Structure formats: structure tokens, C-alpha cells
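Student: Submitted below is the structure of interest, expressed as C-alpha cells.
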There are 2 protein chains.
Amino acid sequence: MTPPSPTAGALPELVEAYRGRRPERLPIWFMRQAGRSLPEYRRARAGLGMLEACTTPDLVAEITAQPVRRYGVDAGIFYSDIVVPLYLAGVDVTIETGVGPVFADPVCDDAALARLTAHEPADLNVIIEAARLASAAIPVPLIGFAGAPFTLAAYAVEGRSSRDHLAARTLMHARPASWDRLMTWMADQSGAFLAAQVAGGAQAVQLFDSWAGSLSAADYRRFVLPYSARTLAWVRGQVPVVHFGTGTGEFLTALAEAGADVVGVDHRIPLDEASRRLGGATPVQGNIDPALLGGPWEVLETHVRDVVARGAAAPTHVVNLGHGVPPTTNPDVLTRVVELVHTL
Amino acid sequence: MTPPSPTAGALPELVEAYRGRRPERLPIWFMRQAGRSLPEYRRARAGLGMLEACTTPDLVAEITAQPVRRYGVDAGIFYSDIVVPLYLAGVDVTIETGVGPVFADPVCDDAALARLTAHEPADLNVIIEAARLASAAIPVPLIGFAGAPFTLAAYAVEGRSSRDHLAARTLMHARPASWDRLMTWMADQSGAFLAAQVAGGAQAVQLFDSWAGSLSAADYRRFVLPYSARTLAWVRGQVPVVHFGTGTGEFLTALAEAGADVVGVDHRIPLDEASRRLGGATPVQGNIDPALLGGPWEVLETHVRDVVARGAAAPTHVVNLGHGVPPTTNPDVLTRVVELVHTL
């Protein structure tokens, strides 16, 4: 059923690059390549809620495989949402269209925190099975996916998306013991979630801390890094680890210190500068500006070539966007980007 | 009616500090000190829409004066909204509670752009009058207020608030001539708006580019800086100019180069580091983390003392928050911060 892997017998190019060894061909995949921007995704998920879809193994596998088939990218990213491990643990969380995750019982005090952390660890067999099916459905490595404890905590404390994540940032300073309890719990949910995906066959993992950019470097190091490290300890040494956030240019080294082999870089700083900040020894991933996917091809091509040229400053570079594929993206543009990068 | 200014006969401390001369006492004010966090504001504005309130001169003066009376801060900030000059020019824009500005006719193509820029310059007499009344109502300098062209353009292109301002960022690359036309028009609306406030008695101005942090330094310099400079040229040389954005640590020098005397710094980088990046010669403003206003006093006090200590690295420092006063802030906390800073 599964087509033979083009890299059978050796490590896939993606894993080589994540391990810091230059592969013959530059690997590329896209954050959020699976999902909302693809018509075949909208057909596959029709009538199903996001969390229902994320806990239906054959559907997860199909949605994970769709962009690999369409784009010829060098990895599949496990189709999921950062709140899935919490949902599976019984937390009352929903995903509202156009809003994102909404917690019915936000962590507004220690009683709410106690209710949250009283949940038993989730049974993650459905995730192991989904990862197993997804790995088998694609001829390239599967990358495991999880949200970092801070981004999860920001949702849980605010109850939903917010611009500056003030409530979470207040909590870390105001009640550090409560913060520690919340973050420790979140770290283990995400860690177990990653471990389940590795158990199912993921050959690398990526931790998404999308909102870490709201923090100063000092706050990141004190209140976030130890917990992201705790998450990554669940899988470290088993598979390469990518650590990504947006607006994190001030503390890229801290992302690496959390236990990452590879640091994802958003569109705000060029990769040669990112690599310099990382001391020149860390593989990088990124950082095509998603805004350029909606522009003329000539402008996008020039930008992609510049990203690749600057990425050469790092030991290795896995090409990606600086953030997720925007929902309005024309998939044919992504196909063309993959074709271009594979010639570079 | 107006109490005599404590600095009558000399430049007020705030203006001294903005001009780079150390005043006897450390000046302090708060972004968004006027408005939503004050009960007297909610009473004064009851039943009036935001844009209606912003174009009623005696109400603008009253709302501007409220935090000066309550907190004893060293400046009043002109109560307004960044879209007020557009509204006065006849653009169909509203402010929805919990949403922010909403444009009825977003700039989605060149026809929409032509419709926007066809508006004649606004009659700003109501702003001059409001600034005149506000200046007279407070014993400290009035600071003029305007949104920077990029932040305005991001709203106009998306039609409303957005997280990554993708549509605006696509436009600047995809259709630079359209971008130039949009930004030039916005720059002049904001510039005229500032000039009206200076004509009414504002003794300094601050340009708010709240969303500039979504840009790389290269894009900021190419697609934004020239237009913010165009805005500031309307008042430069007349009064000191403060230039502020969030997440702009990568290009603080560009904010200064746009024609600012003072650079506002958000909570993400410490002021000694900000001053170092600015070459040590530029006055700074900021950067108390708004998240700490909701924590215990001891934690906040330690933080405020640290901010003031680090601010001493700059030629002068006007104490402020790193972003606006959160709506949930207890006003008594701000009173206490002012009292503390005035002893330092």
C-alpha cells in the first residue's frame, strides 16, 4: 500500500538535515501544510468538528498525507491541534471557527487550577494509532506536533486567544507557585502527546510556542524555558527536536537550550542573522514570509532564493515558512515553491 | 480655573526630558491613561460612541484631564483614536466594542484605494479646539496623539484588526505603487492630525505604530519608515516627537531615524539594552510591563525600580508602560506607581 521511500536504506534528507548533516537536496515542508488551505481537506473533514477529526486516526492519517501527495514536500506534519492532549484528558475545551480554542473553565484562580490539574493523564492510544497510520501513509518522515506549555497556558488562563497574553504573564509574576503547577502539568500533557507520536512512528518532533514572542528574554528564561525543556525531555534523544516560536528573535539561544536540535525562525529576522545569534552551530528551519505567498511569483521567487542563500550560513537548513500557511493561500503557489527549492 | 503650572516660567519637566535635558524629577505618564480603565471616564462617555466622544471638544478635554487629576502624572495624552482623522475626512469607519476600528470599504484593490484617497483632507478645527481646551484643562503638557501610517494601513487593508497584518504586508510587496499611494495618504492624514493638536497647544507629540512589530527590520525601513517620517515632518522642529511601537526591538534606530526625538520601548527589552541599540544618545520612554500592574505591589515595585535604574543608561528617561493601560487595571495601582517614581 505504502509507496517505497525514496530514501529507504538511509536516513531521509529531512532527518539528516535536522541532525546537522547536509543532505544532497534541500528539504522543505510548510507549517500548517495540512488543513484549512486545501480543498481536499475541506472535503475530507466536511461535517466533522476539529477535535473529532483530530481523534479519528484514519482521518488524521489522510489529512496528514494530503499535502505530501500534493506538494511533494519532504515531511508530513501530524495533523492535530495544540489542545488535543487536553481534550483527550477530559478538559472541557472546544475549537470555535474563527476564534480558536475556548476553555469552559479558565484558570482564573487556584481552585480552577486544581480542577484542571486533577485530570488524569489522557489515554493516548488514539494518537499512537493515528501517528502509525500517518507514518505508513507517507513516503517521507512524519513530524510530531505539540504546543509548548506557555502557549497552552496562555489559552487556559485567558480562556481563549488574546493579543498580549496579559493574564498568563501576570500570573507568572504574581503567583509563581501556581504558574509552576500549571506549566508543569501542561509540559507533561504536551510531552506525553509528543511521545505518543514518536511511539507511532514520528521521526522528528516540533514544539510550537507561537506566543512566546510576547515575552521578554528574561521572562522566557525564568518562566517558560524550564517547562518547554520538560516537554522535550519526553522525546529527547529519540528523534530530532525542532523548537519554533514567532517574535522570538531576542532569545533564539534559549529555544535551543530547552533541548532543541533545530530552531525554527519566523519571518522577522533573516536566517544568517538567526544563525549568528545561535552561535553558528545549530540547524535552522524557516523562514519564507507567508505574506509573500499572496504576491507575484517573481517577488516570491526572489525572496525564496534569498532565504535559501542566507540559510546556508547555518550548518543545515530545512526550508519552511516563517509561520503557518495562510488559509487564503493558493496551493499551486506552494507546489511551485517546493519545485524551486528542490532545484536550489 | 486652571491651577498654575508647577513649572511655570520654565519648560515643564516632561519637555525637558524629551529634549534630552535631565529634569529635577523623573517624569511619568501612562499610555492609555485616559479612557476605559477609569470609572469617571465611563460616566463621562456614557451613551456616546467612541468617535462621537472623540469629536466633542469639551468631552475630549475632560477625558484627557481625568487621569492628570487622578494620578498626578506629568503629561496629558490627547484622548482620541487613530482613525479619528479618517472619520473626520468622511471615511466610513466605526469603532466596535471589543473589536476596534472596522472599515466598511476595505482597501482590497486599487478601486477601493482610489475611493479612500479621493476623500478631501478633513476639517480639523474640532481637533484644534479640543486640544486647546485640553491644554487649558491640565497643569502639565498635552501630548498630541496619532496612529502611524502602517498601523492605519493595516486596519484599512484588512478592514479590521488582525494578528499578523498579512494583507497589508502582502500589498507592500505585491503592489508597491498602490502601497505608496495608500501610505502617503495615511501619512498626511496623521500628520495633519498631529499638526492640529500642536496648533491647539500640544507641547509634544507621540506617533503610535502599535503593529510595526509584525515587520522585519528590512521591510520596516523600506515600506514604513519613509511614510512615518512624512507624518512626523508635519510637526518636526515645532515640538518634541516620541515614536513608539511594540515588538520593535530589532529596529529601534529606524524609529529614531523617522524623525523622532524620543523612542518608546515596549516591555520586551530592558531600557539599558534599548539605549545601547540607540547608540546611547536618544531619550527613551517606557517600559513597565503592563502585566505586572495586576500582580502584588512588591513585585511591581521591584520591577518599576529596575526599569528606572536601567533607564538611567539613556540620556533621559520618561517613565511609562511598555504598552497601554489594560482595561482591568486598578487605578489606585497607577497612583502608587506615580508616587513611587516621583521619589526615585
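Each chain in the C-alpha cells gets a letter, A, B and so on, in the order shown; residues start at 1 in every chain, and ligands are counted from 1 in the order they appear.
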Find the nearest atom pair between each residue of chain B and chain A for residues within 8 Å, count only C-alpha atoms, give distances in Å to one decimal, sort rows by chain and ascending number, and present the table as JSON lines.
Tutor:
```
{"residue": "B:Arg163", "atom": "CA", "partner": "A:Arg163", "partner_atom": "CA", "distance": 7.8}
{"residue": "B:Leu166", "atom": "CA", "partner": "A:Ala291", "partner_atom": "CA", "distance": 5.2}
{"residue": "B:Ala167", "atom": "CA", "partner": "A:Ala291", "partner_atom": "CA", "distance": 7.1}
{"residue": "B:Arg169", "atom": "CA", "partner": "A:Ala291", "partner_atom": "CA", "distance": 5.8}
{"residue": "B:Thr170", "atom": "CA", "partner": "A:Ala291", "partner_atom": "CA", "distance": 4.7}
{"residue": "B:Leu171", "atom": "CA", "partner": "A:Gly295", "partner_atom": "CA", "distance": 7.5}
{"residue": "B:His173", "atom": "CA", "partner": "A:Gly295", "partner_atom": "CA", "distance": 6.8}
{"residue": "B:Ala174", "atom": "CA", "partner": "A:Gly295", "partner_atom": "CA", "distance": 4.6}
{"residue": "B:Ser214", "atom": "CA", "partner": "A:Arg268", "partner_atom": "CA", "distance": 7.3}
{"residue": "B:Leu215", "atom": "CA", "partner": "A:Arg268", "partner_atom": "CA", "distance": 6.0}
{"residue": "B:Ser216", "atom": "CA", "partner": "A:Arg268", "partner_atom": "CA", "distance": 4.1}
{"residue": "B:Ala217", "atom": "CA", "partner": "A:Arg268", "partner_atom": "CA", "distance": 7.2}
{"residue": "B:Gly247", "atom": "CA", "partner": "A:Gly247", "partner_atom": "CA", "distance": 7.6}
{"residue": "B:His267", "atom": "CA", "partner": "A:Ser216", "partner_atom": "CA", "distance": 6.8}
{"residue": "B:Arg268", "atom": "CA", "partner": "A:Ser216", "partner_atom": "CA", "distance": 4.1}
{"residue": "B:Ile269", "atom": "CA", "partner": "A:Ser216", "partner_atom": "CA", "distance": 5.9}
{"residue": "B:Pro290", "atom": "CA", "partner": "A:Leu166", "partner_atom": "CA", "distance": 7.7}
{"residue": "B:Ala291", "atom": "CA", "partner": "A:Thr170", "partner_atom": "CA", "distance": 4.7}
{"residue": "B:Leu292", "atom": "CA", "partner": "A:Thr170", "partner_atom": "CA", "distance": 5.6}
{"residue": "B:Leu293", "atom": "CA", "partner": "A:Thr170", "partner_atom": "CA", "distance": 7.9}
{"residue": "B:Gly294", "atom": "CA", "partner": "A:Thr170", "partner_atom": "CA", "distance": 6.1}
{"residue": "B:Gly295", "atom": "CA", "partner": "A:Ala174", "partner_atom": "CA", "distance": 4.5}
{"residue": "B:Pro296", "atom": "CA", "partner": "A:Ala174", "partner_atom": "CA", "distance": 5.9}
{"residue": "B:Val299", "atom": "CA", "partner": "A:Ala174", "partner_atom": "CA", "distance": 7.2}
```
Student: Hey, what does DSSP flag as alpha helix (DSSP H) within range 172-252 of chain A? Can you give it to me as a ChimeraX atom specification?
Tutor: /A:172-174,176-199,217-223,225-233,252
Student: Enumerate, in order of chain and increasing residue number, the residues of range 112-171 of chain A with an atom no farther than 7 Å from range 57-60 of chain A, each with its shortest atom pair and distance in Å to one decimal, counting only C-alpha atoms, as CSV.
Tutor:
```
residue,atom,partner,partner_atom,distance
A:Val126,CA,A:Pro57,CA,6.4
A:Glu129,CA,A:Pro57,CA,6.1
A:Ala130,CA,A:Pro57,CA,3.9
A:Leu133,CA,A:Asp58,CA,6.6
A:Ala134,CA,A:Val60,CA,6.9
```
Student: Convert the current residue selection to file output with all heavy atoms, as a PDB file, in the first residue's frame.
Tutor:
```pdb
ATOM      1  N   VAL A 126      -5.184   6.547  20.825  1.00  0.00           N
ATOM      2  CA  VAL A 126      -5.735   7.038  19.562  1.00  0.00           C
ATOM      3  C   VAL A 126      -4.687   7.865  18.805  1.00  0.00           C
ATOM      4  O   VAL A 126      -4.641   7.866  17.568  1.00  0.00           O
ATOM      5  CB  VAL A 126      -7.040   7.837  19.819  1.00  0.00           C
ATOM      6  CG1 VAL A 126      -6.758   9.128  20.569  1.00  0.00           C
ATOM      7  CG2 VAL A 126      -7.780   8.124  18.527  1.00  0.00           C
ATOM      8  N   GLU A 129      -2.066   5.404  17.352  1.00  0.00           N
ATOM      9  CA  GLU A 129      -2.639   4.762  16.165  1.00  0.00           C
ATOM     10  C   GLU A 129      -2.673   5.741  14.986  1.00  0.00           C
ATOM     11  O   GLU A 129      -2.327   5.382  13.849  1.00  0.00           O
ATOM     12  CB  GLU A 129      -4.054   4.265  16.494  1.00  0.00           C
ATOM     13  CG  GLU A 129      -4.816   3.661  15.339  1.00  0.00           C
ATOM     14  CD  GLU A 129      -4.190   2.383  14.782  1.00  0.00           C
ATOM     15  OE1 GLU A 129      -3.200   1.900  15.358  1.00  0.00           O
ATOM     16  OE2 GLU A 129      -4.683   1.893  13.744  1.00  0.00           O
ATOM     17  N   ALA A 130      -3.052   6.978  15.254  1.00  0.00           N
ATOM     18  CA  ALA A 130      -3.103   7.979  14.179  1.00  0.00           C
ATOM     19  C   ALA A 130      -1.706   8.215  13.604  1.00  0.00           C
ATOM     20  O   ALA A 130      -1.529   8.324  12.385  1.00  0.00           O
ATOM     21  CB  ALA A 130      -3.699   9.285  14.706  1.00  0.00           C
ATOM     22  N   LEU A 133      -0.694   5.218  11.436  1.00  0.00           N
ATOM     23  CA  LEU A 133      -1.334   5.259  10.120  1.00  0.00           C
ATOM     24  C   LEU A 133      -0.753   6.383   9.258  1.00  0.00           C
ATOM     25  O   LEU A 133      -0.545   6.212   8.052  1.00  0.00           O
ATOM     26  CB  LEU A 133      -2.851   5.451  10.270  1.00  0.00           C
ATOM     27  CG  LEU A 133      -3.617   4.299  10.927  1.00  0.00           C
ATOM     28  CD1 LEU A 133      -5.098   4.663  11.076  1.00  0.00           C
ATOM     29  CD2 LEU A 133      -3.465   3.012  10.098  1.00  0.00           C
ATOM     30  N   ALA A 134      -0.508   7.525   9.877  1.00  0.00           N
ATOM     31  CA  ALA A 134       0.032   8.664   9.119  1.00  0.00           C
ATOM     32  C   ALA A 134       1.439   8.348   8.605  1.00  0.00           C
ATOM     33  O   ALA A 134       1.773   8.632   7.451  1.00  0.00           O
ATOM     34  CB  ALA A 134       0.042   9.921   9.986  1.00  0.00           C
TER      35      ALA A 134
END
```
Student: List every residue of range 227-266 of chain B that DSSP, applied to the backbone, labels as strand (DSSP E), and write the result as a CSV table (one decimal) with N, CA, C and O atoms, in the first residue's frame.
Tutor:
```csv
chain,number,residue,atom,x,y,z
B,241,VAL,N,9.1,64.9,19.5
B,241,VAL,CA,8.4,63.8,18.9
B,241,VAL,C,8.8,62.5,19.5
B,241,VAL,O,10.0,62.2,19.6
B,242,VAL,N,7.8,61.8,20.0
B,242,VAL,CA,8.1,60.4,20.5
B,242,VAL,C,7.5,59.4,19.5
B,242,VAL,O,6.5,59.6,18.9
B,243,HIS,N,8.3,58.4,19.3
B,243,HIS,CA,7.9,57.3,18.3
B,243,HIS,C,7.8,56.0,19.0
B,243,HIS,O,8.8,55.6,19.6
B,244,PHE,N,6.7,55.3,19.0
B,244,PHE,CA,6.5,54.1,19.7
B,244,PHE,C,5.9,53.0,18.9
B,244,PHE,O,5.0,53.2,18.1
B,245,GLY,N,6.4,51.8,19.2
B,245,GLY,CA,5.8,50.6,18.6
B,245,GLY,C,6.0,49.4,19.6
B,245,GLY,O,6.8,49.5,20.5
B,262,VAL,N,12.6,61.0,20.7
B,262,VAL,CA,12.4,60.1,21.8
B,262,VAL,C,11.9,58.8,21.2
B,262,VAL,O,11.0,58.8,20.4
B,263,VAL,N,12.4,57.6,21.7
B,263,VAL,CA,11.9,56.3,21.2
B,263,VAL,C,11.2,55.6,22.4
B,263,VAL,O,11.8,55.5,23.5
B,264,GLY,N,9.9,55.2,22.2
B,264,GLY,CA,9.2,54.5,23.2
B,264,GLY,C,9.6,53.0,23.0
B,264,GLY,O,9.7,52.5,21.9
B,265,VAL,N,9.7,52.3,24.2
B,265,VAL,CA,10.2,50.9,24.2
B,265,VAL,C,9.2,50.1,24.9
B,265,VAL,O,8.8,50.4,26.0
```
Student: Considering only C-alpha atoms, return as a ChimeraX atom specification whatever protein or nucleic-acid residues lie within 8 Å of Leu252 in chain B, sequence-local ones (same chain, fewer than 6 positions apart) excluded.
Tutor: /B:263,274,277-278
Student: Using only C-alpha atoms, pick whichever of A:Cys108, A:Val93, A:Ala229, A:Ala212 has the shortest atom-to-atom distance to Asp188 in chain A.
Tutor: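 For Asp188 in chain A, the nearest of the given residues is A:Ala229.
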Student: Got a sec: who's within 7 Å of Ile128 in chain A, counting only C-alpha atoms, leaving out chain neighbours fewer than 5 positions off, as number ranges by chain?
Tutor: A: 196-197, 199-200
Student: Would you list the contacts of Thr231 in chain A as a CSV table (one decimal) with N, CA, C and O atoms, in the first residue's frame, taking every protein, DNA or RNA residue within 7 Å and counting only C-alpha atoms, but skipping same-chain residues closer than 4 positions in sequence?
Tutor:
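Okay, part32.csv is ready:
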```
chain,number,residue,atom,x,y,z
A,187,ALA,N,3.3,20.9,30.6
A,187,ALA,CA,4.5,20.4,30.0
A,187,ALA,C,4.4,18.8,29.8
A,187,ALA,O,4.8,18.3,28.8
A,188,ASP,N,3.8,18.2,30.8
A,188,ASP,CA,3.6,16.8,30.7
A,188,ASP,C,2.5,16.3,29.8
A,188,ASP,O,2.7,15.3,29.1
A,190,SER,N,1.8,17.9,27.0
A,190,SER,CA,2.5,18.1,25.6
A,190,SER,C,3.6,17.0,25.4
A,190,SER,O,3.7,16.5,24.3
A,191,GLY,N,4.3,16.7,26.5
A,191,GLY,CA,5.4,15.8,26.4
A,191,GLY,C,4.8,14.4,26.0
A,191,GLY,O,5.4,13.7,25.2
A,227,TYR,N,10.0,24.6,31.5
A,227,TYR,CA,8.8,23.8,31.2
A,227,TYR,C,8.8,23.3,29.8
A,227,TYR,O,8.5,22.1,29.5
```
Student: Quick one: residues within 6 Å of range 22-39 of chain B, only C-alpha atoms, excluding same-chain residues fewer than 3 positions away - as an mmCIF file with all heavy atoms, in the first residue's frame?
Tutor:
```
data_model
loop_
_atom_site.group_PDB
_atom_site.id
_atom_site.type_symbol
_atom_site.label_atom_id
_atom_site.label_comp_id
_atom_site.auth_asym_id
_atom_site.auth_seq_id
_atom_site.Cartn_x
_atom_site.Cartn_y
_atom_site.Cartn_z
ATOM 1 N N GLU B 13 8.966 69.606 33.086
ATOM 2 C CA GLU B 13 9.933 68.500 33.202
ATOM 3 C C GLU B 13 9.842 67.533 32.027
ATOM 4 O O GLU B 13 10.852 67.042 31.518
ATOM 5 C CB GLU B 13 9.680 67.737 34.505
ATOM 6 C CG GLU B 13 10.173 68.496 35.722
ATOM 7 C CD GLU B 13 9.469 68.074 36.993
ATOM 8 O OE1 GLU B 13 8.316 67.601 36.924
ATOM 9 O OE2 GLU B 13 10.079 68.215 38.064
ATOM 10 N N LEU B 14 8.619 67.255 31.615
ATOM 11 C CA LEU B 14 8.435 66.314 30.518
ATOM 12 C C LEU B 14 9.133 66.794 29.255
ATOM 13 O O LEU B 14 9.840 66.026 28.583
ATOM 14 C CB LEU B 14 6.946 66.108 30.239
ATOM 15 C CG LEU B 14 6.681 65.155 29.093
ATOM 16 C CD1 LEU B 14 6.487 63.742 29.611
ATOM 17 C CD2 LEU B 14 5.506 65.596 28.256
ATOM 18 N N ALA B 17 12.840 66.577 29.493
ATOM 19 C CA ALA B 17 13.334 65.202 29.317
ATOM 20 C C ALA B 17 13.255 64.792 27.848
ATOM 21 O O ALA B 17 14.181 64.156 27.325
ATOM 22 C CB ALA B 17 12.534 64.240 30.187
ATOM 23 N N ARG B 42 -15.938 56.258 32.196
ATOM 24 C CA ARG B 42 -17.130 55.513 31.782
ATOM 25 C C ARG B 42 -18.382 56.342 32.061
ATOM 26 O O ARG B 42 -19.316 56.345 31.261
ATOM 27 C CB ARG B 42 -17.166 54.147 32.485
ATOM 28 C CG ARG B 42 -15.994 53.248 32.014
ATOM 29 C CD ARG B 42 -16.140 51.801 32.470
ATOM 30 N NE ARG B 42 -15.982 51.632 33.907
ATOM 31 C CZ ARG B 42 -14.826 51.341 34.510
ATOM 32 N NH1 ARG B 42 -13.722 51.204 33.797
ATOM 33 N NH2 ARG B 42 -14.782 51.183 35.805
ATOM 34 N N THR B 64 -9.284 63.813 28.717
ATOM 35 C CA THR B 64 -7.827 63.978 28.738
ATOM 36 C C THR B 64 -7.346 64.393 30.127
ATOM 37 O O THR B 64 -6.281 63.958 30.594
ATOM 38 C CB THR B 64 -7.400 65.024 27.694
ATOM 39 O OG1 THR B 64 -7.802 64.580 26.388
ATOM 40 C CG2 THR B 64 -5.900 65.252 27.706
ATOM 41 N N PRO B 67 -7.173 61.600 34.001
ATOM 42 C CA PRO B 67 -6.038 60.884 34.604
ATOM 43 C C PRO B 67 -4.975 61.833 35.169
ATOM 44 O O PRO B 67 -4.238 61.452 36.087
ATOM 45 C CB PRO B 67 -5.475 60.050 33.449
ATOM 46 C CG PRO B 67 -5.936 60.751 32.218
ATOM 47 C CD PRO B 67 -7.262 61.351 32.554
ATOM 48 N N VAL B 73 0.114 62.610 37.017
ATOM 49 C CA VAL B 73 1.137 62.339 36.000
ATOM 50 C C VAL B 73 1.656 63.654 35.403
ATOM 51 O O VAL B 73 1.047 64.711 35.563
ATOM 52 C CB VAL B 73 0.582 61.438 34.872
ATOM 53 C CG1 VAL B 73 0.514 59.991 35.338
ATOM 54 C CG2 VAL B 73 -0.775 61.919 34.381
ATOM 55 N N ASP B 74 2.751 63.544 34.691
ATOM 56 C CA ASP B 74 3.446 64.729 34.192
ATOM 57 C C ASP B 74 3.036 65.136 32.786
ATOM 58 O O ASP B 74 3.679 66.006 32.185
ATOM 59 C CB ASP B 74 4.956 64.493 34.267
ATOM 60 C CG ASP B 74 5.405 64.291 35.706
ATOM 61 O OD1 ASP B 74 5.359 65.270 36.469
ATOM 62 O OD2 ASP B 74 5.747 63.150 36.070
ATOM 63 N N ALA B 75 2.011 64.484 32.250
ATOM 64 C CA ALA B 75 1.518 64.853 30.927
ATOM 65 C C ALA B 75 0.093 64.347 30.766
ATOM 66 O O ALA B 75 -0.311 63.358 31.387
ATOM 67 C CB ALA B 75 2.393 64.242 29.820
ATOM 68 N N THR B 316 18.058 60.674 28.809
ATOM 69 C CA THR B 316 16.935 60.945 29.700
ATOM 70 C C THR B 316 15.908 59.839 29.522
ATOM 71 O O THR B 316 15.903 59.120 28.524
ATOM 72 C CB THR B 316 16.254 62.303 29.414
ATOM 73 O OG1 THR B 316 15.914 62.375 28.026
ATOM 74 C CG2 THR B 316 17.159 63.460 29.785
ATOM 75 N N VAL B 318 11.670 59.079 30.238
ATOM 76 C CA VAL B 318 10.312 59.382 30.696
ATOM 77 C C VAL B 318 9.655 58.046 31.008
ATOM 78 O O VAL B 318 9.525 57.188 30.125
ATOM 79 C CB VAL B 318 9.523 60.163 29.627
ATOM 80 C CG1 VAL B 318 8.063 60.292 30.031
ATOM 81 C CG2 VAL B 318 10.151 61.540 29.425
ATOM 82 N N VAL B 319 9.258 57.879 32.252
ATOM 83 C CA VAL B 319 8.705 56.592 32.675
ATOM 84 C C VAL B 319 7.297 56.431 32.091
ATOM 85 O O VAL B 319 6.507 57.387 32.053
ATOM 86 C CB VAL B 319 8.680 56.480 34.214
ATOM 87 C CG1 VAL B 319 8.140 55.119 34.644
ATOM 88 C CG2 VAL B 319 10.087 56.703 34.779
ATOM 89 N N ASN B 320 7.000 55.230 31.657
ATOM 90 C CA ASN B 320 5.712 54.921 31.075
ATOM 91 C C ASN B 320 5.565 53.400 31.129
ATOM 92 O O ASN B 320 6.456 52.696 31.606
ATOM 93 C CB ASN B 320 5.650 55.424 29.619
ATOM 94 C CG ASN B 320 4.237 55.716 29.152
ATOM 95 O OD1 ASN B 320 3.317 54.916 29.340
ATOM 96 N ND2 ASN B 320 4.052 56.884 28.543
ATOM 97 N N LEU B 321 4.454 52.895 30.622
ATOM 98 C CA LEU B 321 4.295 51.458 30.456
ATOM 99 C C LEU B 321 4.940 51.046 29.136
ATOM 100 O O LEU B 321 5.265 51.886 28.291
ATOM 101 C CB LEU B 321 2.812 51.084 30.440
ATOM 102 C CG LEU B 321 1.996 51.525 31.652
ATOM 103 C CD1 LEU B 321 0.554 51.067 31.499
ATOM 104 C CD2 LEU B 321 2.596 50.973 32.937
ATOM 105 N N GLY B 324 -0.302 50.019 26.420
ATOM 106 C CA GLY B 324 -1.360 50.767 27.077
ATOM 107 C C GLY B 324 -1.801 50.173 28.410
ATOM 108 O O GLY B 324 -1.575 48.996 28.679
ATOM 109 N N VAL B 325 -2.440 51.008 29.237
ATOM 110 C CA VAL B 325 -3.028 50.541 30.495
ATOM 111 C C VAL B 325 -4.092 49.482 30.165
ATOM 112 O O VAL B 325 -5.019 49.771 29.414
ATOM 113 C CB VAL B 325 -3.704 51.711 31.253
ATOM 114 C CG1 VAL B 325 -4.418 51.192 32.501
ATOM 115 C CG2 VAL B 325 -2.689 52.793 31.617
ATOM 116 N N PRO B 327 -7.461 47.407 30.424
ATOM 117 C CA PRO B 327 -8.775 47.874 30.883
ATOM 118 C C PRO B 327 -9.104 47.439 32.301
ATOM 119 O O PRO B 327 -9.859 48.110 32.995
ATOM 120 C CB PRO B 327 -9.761 47.225 29.899
ATOM 121 C CG PRO B 327 -8.971 46.732 28.760
ATOM 122 C CD PRO B 327 -7.550 46.600 29.196
#
```
Student: How many Å separate CA of Gly76 in chain B from CA of Val338 in chain B?
Tutor: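 Rounded to one decimal, the two atoms are 13.7 Å apart.
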Student: Taking only C-alpha atoms into account, name the residue in A:Ala177, A:Val337, A:Leu11, A:Ala202 that is nearest to Gly72 in chain A.
Tutor: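 Of A:Ala177, A:Val337, A:Leu11, A:Ala202, the one nearest Gly72 in chain A, counting only C-alpha atoms, is A:Val337.
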